[in-house]
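So this one's data.cif, mmCIF, N, CA and C atoms:
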```cif
data_my_file
loop_
_atom_site.label_atom_id
_atom_site.label_comp_id
_atom_site.auth_asym_id
_atom_site.auth_seq_id
_atom_site.Cartn_x
_atom_site.Cartn_y
_atom_site.Cartn_z
N MET A 1151 0.84 -1.16 0.00
CA MET A 1151 0.00 0.00 0.00
C MET A 1151 0.90 1.23 0.00
N ALA A 1152 1.27 1.64 -1.14
CA ALA A 1152 2.10 2.84 -1.25
C ALA A 1152 1.27 3.92 -1.92
N TRP A 1153 1.14 5.03 -1.24
CA TRP A 1153 0.36 6.13 -1.77
C TRP A 1153 1.30 7.29 -2.00
N ALA A 1154 1.22 7.84 -3.14
CA ALA A 1154 2.01 9.02 -3.45
C ALA A 1154 1.04 10.11 -3.90
N PRO A 1155 1.18 11.31 -3.36
CA PRO A 1155 0.26 12.37 -3.76
C PRO A 1155 0.42 12.72 -5.24
N CYS A 1156 -0.69 12.91 -5.85
CA CYS A 1156 -0.69 13.28 -7.27
C CYS A 1156 -0.82 14.80 -7.37
N PRO A 1157 0.05 15.44 -8.12
CA PRO A 1157 -0.02 16.89 -8.21
C PRO A 1157 -1.30 17.38 -8.91
N VAL A 1158 -1.94 16.53 -9.66
CA VAL A 1158 -3.11 16.94 -10.43
C VAL A 1158 -4.38 16.93 -9.58
N ASP A 1159 -4.47 16.01 -8.59
CA ASP A 1159 -5.74 15.88 -7.86
C ASP A 1159 -5.96 16.98 -6.83
N GLY A 1160 -5.00 17.78 -6.54
CA GLY A 1160 -5.20 18.93 -5.67
C GLY A 1160 -5.19 18.59 -4.19
N THR A 1161 -4.56 17.51 -3.79
CA THR A 1161 -4.47 17.16 -2.37
C THR A 1161 -3.55 18.15 -1.69
N ASP A 1162 -4.04 18.73 -0.60
CA ASP A 1162 -3.20 19.70 0.09
C ASP A 1162 -2.06 18.97 0.83
N PRO A 1163 -0.95 19.64 1.05
CA PRO A 1163 0.24 19.00 1.65
C PRO A 1163 -0.01 18.45 3.05
N ALA A 1164 -0.87 19.09 3.83
CA ALA A 1164 -1.14 18.60 5.18
C ALA A 1164 -1.82 17.23 5.14
N ARG A 1165 -2.79 17.08 4.23
CA ARG A 1165 -3.46 15.79 4.10
C ARG A 1165 -2.51 14.74 3.55
N ALA A 1166 -1.69 15.14 2.59
CA ALA A 1166 -0.72 14.19 2.02
C ALA A 1166 0.23 13.71 3.11
N GLU A 1167 0.67 14.60 3.98
CA GLU A 1167 1.56 14.23 5.08
C GLU A 1167 0.85 13.31 6.06
N ALA A 1168 -0.41 13.59 6.36
CA ALA A 1168 -1.18 12.75 7.28
C ALA A 1168 -1.35 11.35 6.71
N ILE A 1169 -1.61 11.26 5.41
CA ILE A 1169 -1.77 9.95 4.78
C ILE A 1169 -0.44 9.19 4.82
N THR A 1170 0.65 9.86 4.55
CA THR A 1170 1.97 9.23 4.56
C THR A 1170 2.30 8.73 5.98
N GLN A 1171 1.99 9.52 6.99
CA GLN A 1171 2.24 9.10 8.37
C GLN A 1171 1.37 7.90 8.75
N ALA A 1172 0.13 7.91 8.30
CA ALA A 1172 -0.76 6.79 8.58
C ALA A 1172 -0.22 5.51 7.92
N GLN A 1173 0.28 5.65 6.70
CA GLN A 1173 0.87 4.49 6.03
C GLN A 1173 2.06 3.95 6.82
N THR A 1174 2.88 4.83 7.32
CA THR A 1174 4.05 4.41 8.10
C THR A 1174 3.62 3.69 9.37
N ARG A 1175 2.62 4.23 10.07
CA ARG A 1175 2.12 3.58 11.29
C ARG A 1175 1.54 2.20 10.97
N LEU A 1176 0.79 2.12 9.86
CA LEU A 1176 0.20 0.83 9.49
C LEU A 1176 1.28 -0.19 9.13
N ARG A 1177 2.30 0.23 8.39
CA ARG A 1177 3.39 -0.69 8.05
C ARG A 1177 4.08 -1.20 9.31
N THR A 1178 4.29 -0.30 10.27
CA THR A 1178 4.92 -0.69 11.53
C THR A 1178 4.04 -1.69 12.28
N ALA A 1179 2.74 -1.43 12.31
CA ALA A 1179 1.81 -2.32 13.00
C ALA A 1179 1.74 -3.68 12.32
N TRP A 1180 1.71 -3.70 11.01
CA TRP A 1180 1.66 -4.97 10.28
C TRP A 1180 2.95 -5.77 10.50
N ALA A 1181 4.07 -5.09 10.53
CA ALA A 1181 5.34 -5.77 10.77
C ALA A 1181 5.35 -6.36 12.19
N ALA A 1182 4.83 -5.61 13.16
CA ALA A 1182 4.76 -6.11 14.53
C ALA A 1182 3.84 -7.33 14.61
N ARG A 1183 2.72 -7.28 13.93
CA ARG A 1183 1.79 -8.41 13.93
C ARG A 1183 2.45 -9.64 13.31
N SER A 1184 3.19 -9.43 12.24
CA SER A 1184 3.90 -10.53 11.60
C SER A 1184 4.94 -11.13 12.53
N ARG A 1185 5.70 -10.28 13.23
CA ARG A 1185 6.69 -10.79 14.18
C ARG A 1185 6.02 -11.56 15.31
N TYR A 1186 4.89 -11.06 15.79
CA TYR A 1186 4.16 -11.74 16.86
C TYR A 1186 3.69 -13.12 16.40
N ARG A 1187 3.13 -13.19 15.21
CA ARG A 1187 2.66 -14.48 14.71
C ARG A 1187 3.81 -15.46 14.51
N GLN A 1188 4.94 -14.97 14.02
CA GLN A 1188 6.12 -15.84 13.86
C GLN A 1188 6.59 -16.34 15.22
N ARG A 1189 6.59 -15.47 16.22
CA ARG A 1189 7.02 -15.86 17.56
C ARG A 1189 6.08 -16.91 18.13
N GLN A 1190 4.77 -16.71 17.98
CA GLN A 1190 3.81 -17.67 18.49
C GLN A 1190 4.00 -19.04 17.81
N ALA A 1191 4.21 -19.03 16.50
CA ALA A 1191 4.43 -20.29 15.79
C ALA A 1191 5.70 -20.97 16.29
N ARG A 1192 6.73 -20.19 16.52
CA ARG A 1192 8.00 -20.74 17.02
C ARG A 1192 7.81 -21.34 18.42
N LEU A 1193 7.08 -20.64 19.29
CA LEU A 1193 6.84 -21.15 20.64
C LEU A 1193 5.99 -22.42 20.61
N GLU A 1194 5.00 -22.46 19.75
CA GLU A 1194 4.17 -23.66 19.63
C GLU A 1194 4.99 -24.84 19.12
N ARG A 1195 5.86 -24.58 18.14
CA ARG A 1195 6.71 -25.64 17.61
C ARG A 1195 7.64 -26.17 18.69
N ARG A 1196 8.24 -25.27 19.47
CA ARG A 1196 9.14 -25.71 20.55
C ARG A 1196 8.39 -26.50 21.60
N ALA A 1197 7.17 -26.08 21.93
CA ALA A 1197 6.38 -26.81 22.92
C ALA A 1197 6.04 -28.20 22.40
N ALA A 1198 5.71 -28.32 21.13
CA ALA A 1198 5.41 -29.62 20.55
C ALA A 1198 6.65 -30.51 20.55
N GLU A 1199 7.80 -29.95 20.24
CA GLU A 1199 9.05 -30.73 20.27
C GLU A 1199 9.35 -31.19 21.69
N ARG A 1200 9.16 -30.29 22.67
CA ARG A 1200 9.41 -30.64 24.07
C ARG A 1200 8.48 -31.75 24.51
N GLU A 1201 7.20 -31.66 24.12
CA GLU A 1201 6.23 -32.69 24.47
C GLU A 1201 6.60 -34.03 23.84
N ALA A 1202 7.06 -33.99 22.58
CA ALA A 1202 7.47 -35.22 21.91
C ALA A 1202 8.67 -35.85 22.61
N ARG A 1203 9.62 -35.03 23.05
CA ARG A 1203 10.78 -35.57 23.77
C ARG A 1203 10.35 -36.16 25.12
N ARG A 1204 9.39 -35.48 25.78
CA ARG A 1204 8.91 -35.97 27.07
C ARG A 1204 8.22 -37.31 26.91
N ILE A 1205 7.40 -37.43 25.88
CA ILE A 1205 6.69 -38.69 25.64
C ILE A 1205 7.67 -39.79 25.27
N ALA A 1206 8.68 -39.46 24.48
CA ALA A 1206 9.67 -40.45 24.09
C ALA A 1206 10.49 -40.93 25.29
N ALA A 1207 10.66 -40.09 26.29
CA ALA A 1207 11.45 -40.45 27.46
C ALA A 1207 10.67 -41.30 28.45
N MET A 1208 9.36 -41.37 28.29
CA MET A 1208 8.53 -42.16 29.21
C MET A 1208 8.80 -43.64 28.95
N PRO A 1209 8.74 -44.48 30.00
CA PRO A 1209 8.97 -45.91 29.80
C PRO A 1209 7.87 -46.52 28.94
N ALA A 1210 8.27 -47.46 28.12
CA ALA A 1210 7.32 -48.10 27.21
C ALA A 1210 6.46 -49.13 27.96
N ASP A 1211 6.97 -49.67 29.08
CA ASP A 1211 6.25 -50.69 29.83
C ASP A 1211 5.35 -50.04 30.88
N PRO A 1212 4.04 -49.97 30.65
CA PRO A 1212 3.16 -49.32 31.62
C PRO A 1212 2.94 -50.16 32.88
N VAL A 1213 3.37 -51.45 32.89
CA VAL A 1213 3.16 -52.34 34.02
C VAL A 1213 4.31 -52.22 35.02
N ALA A 1214 5.30 -51.43 34.71
CA ALA A 1214 6.44 -51.26 35.61
C ALA A 1214 5.97 -50.69 36.94
N PRO A 1215 6.60 -51.09 38.04
CA PRO A 1215 6.17 -50.58 39.34
C PRO A 1215 6.33 -49.07 39.42
N ALA A 1216 5.40 -48.46 40.15
CA ALA A 1216 5.43 -47.01 40.28
C ALA A 1216 6.61 -46.57 41.13
N ARG A 1217 6.94 -47.38 42.15
CA ARG A 1217 8.07 -47.06 43.01
C ARG A 1217 9.20 -48.04 42.71
N PRO A 1218 10.41 -47.58 42.71
CA PRO A 1218 11.52 -48.53 42.51
C PRO A 1218 11.70 -49.38 43.77
N ALA A 1219 12.15 -50.59 43.59
CA ALA A 1219 12.36 -51.49 44.72
C ALA A 1219 13.52 -50.98 45.56
N LEU A 1220 13.47 -51.25 46.84
CA LEU A 1220 14.56 -50.84 47.74
C LEU A 1220 15.77 -51.73 47.54
N PRO A 1221 16.95 -51.20 47.75
CA PRO A 1221 18.13 -52.07 47.76
C PRO A 1221 18.01 -53.09 48.89
N ALA A 1222 18.72 -54.18 48.78
CA ALA A 1222 18.59 -55.28 49.74
C ALA A 1222 18.91 -54.82 51.17
N ALA A 1223 19.96 -54.05 51.35
CA ALA A 1223 20.34 -53.61 52.69
C ALA A 1223 19.25 -52.72 53.30
N ALA A 1224 18.70 -51.81 52.51
CA ALA A 1224 17.66 -50.93 53.00
C ALA A 1224 16.40 -51.71 53.32
N ALA A 1225 16.08 -52.72 52.51
CA ALA A 1225 14.90 -53.54 52.77
C ALA A 1225 15.06 -54.31 54.07
N ALA A 1226 16.27 -54.81 54.36
CA ALA A 1226 16.51 -55.55 55.60
C ALA A 1226 16.36 -54.62 56.81
N ILE A 1227 16.90 -53.41 56.71
CA ILE A 1227 16.77 -52.44 57.81
C ILE A 1227 15.31 -52.10 58.05
N LEU A 1228 14.56 -51.89 56.99
CA LEU A 1228 13.14 -51.57 57.11
C LEU A 1228 12.38 -52.72 57.74
N GLU A 1229 12.70 -53.95 57.36
CA GLU A 1229 12.00 -55.12 57.91
C GLU A 1229 12.29 -55.25 59.41
N ARG A 1230 13.53 -55.01 59.83
CA ARG A 1230 13.85 -55.07 61.27
C ARG A 1230 13.10 -53.99 62.03
N ALA A 1231 13.02 -52.79 61.46
CA ALA A 1231 12.31 -51.70 62.12
C ALA A 1231 10.82 -52.02 62.24
N ARG A 1232 10.25 -52.61 61.23
CA ARG A 1232 8.83 -53.00 61.29
C ARG A 1232 8.61 -54.07 62.35
N ALA A 1233 9.53 -55.00 62.43
CA ALA A 1233 9.39 -56.07 63.43
C ALA A 1233 9.45 -55.49 64.83
N ARG A 1234 10.37 -54.57 65.09
CA ARG A 1234 10.47 -53.94 66.42
C ARG A 1234 9.20 -53.15 66.73
N ALA A 1235 8.69 -52.43 65.73
CA ALA A 1235 7.46 -51.67 65.94
C ALA A 1235 6.29 -52.58 66.23
N ALA A 1236 6.25 -53.74 65.58
CA ALA A 1236 5.17 -54.69 65.82
C ALA A 1236 5.27 -55.26 67.22
N GLU A 1237 6.50 -55.51 67.72
CA GLU A 1237 6.67 -56.04 69.07
C GLU A 1237 6.23 -55.03 70.12
N ARG A 1238 6.52 -53.74 69.86
CA ARG A 1238 6.14 -52.69 70.83
C ARG A 1238 4.63 -52.49 70.88
N SER A 1239 3.97 -52.72 69.80
CA SER A 1239 2.53 -52.49 69.79
C SER A 1239 1.73 -53.63 70.38
N LYS A 1240 2.39 -54.81 70.65
CA LYS A 1240 1.67 -55.94 71.27
C LYS A 1240 1.44 -55.63 72.74
N PRO A 1241 0.30 -56.03 73.28
CA PRO A 1241 0.01 -55.74 74.70
C PRO A 1241 0.75 -56.64 75.65
#
```
Would you mind giving the structure from this file in structure tokens?
Amino acid sequence: MAWAPCPVDGTDPARAEAITQAQTRLRTAWAARSRYRQRQARLERRAAEREARRIAAMPADPVAPARPALPAAAAAILERARARAAERSKP
């Protein structure tokens, strides 16, 4: 949208200047809108890539235990502590 004043149509210089300034403001606004849309598309693409990586990192076996098993030494300590607690709670 490029407007140039025509010397024949009799447009006064003040109006011609106002039209030129309006064109400049519109071009600036359109460029900003374009940058915003590009940024939004870039952010959406990155979010989709992040989600794909997150899904790929999830274990394929859904039957896997939710909690990891305790190491043998820790399991033995826990079992002894439970046994002592059970003895204390007996009347």
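Taking atom N of Tyr1186 (chain A) and CA of Thr1174 (chain A) as the two end points, the separation is 17.3 Å.
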- request: Just the helix (DSSP H, G or I) stuff from region 1180-1233 of chain A, please, per backbone DSSP, written as an NGL selection string.
  value: :A and (1180-1207 or 1222-1233)
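One finds CA of Arg1177 (chain A) at 22.4 Å from CA of Arg1192 (chain A).
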- request: Quote the spacing between atom C of Arg1185 (chain A) and atom N of Arg1204 (chain A) in Å to one decimal place.
  value: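 Going from atom C of Arg1185 (chain A) over to atom N of Arg1204 (chain A) covers 26.3 Å.
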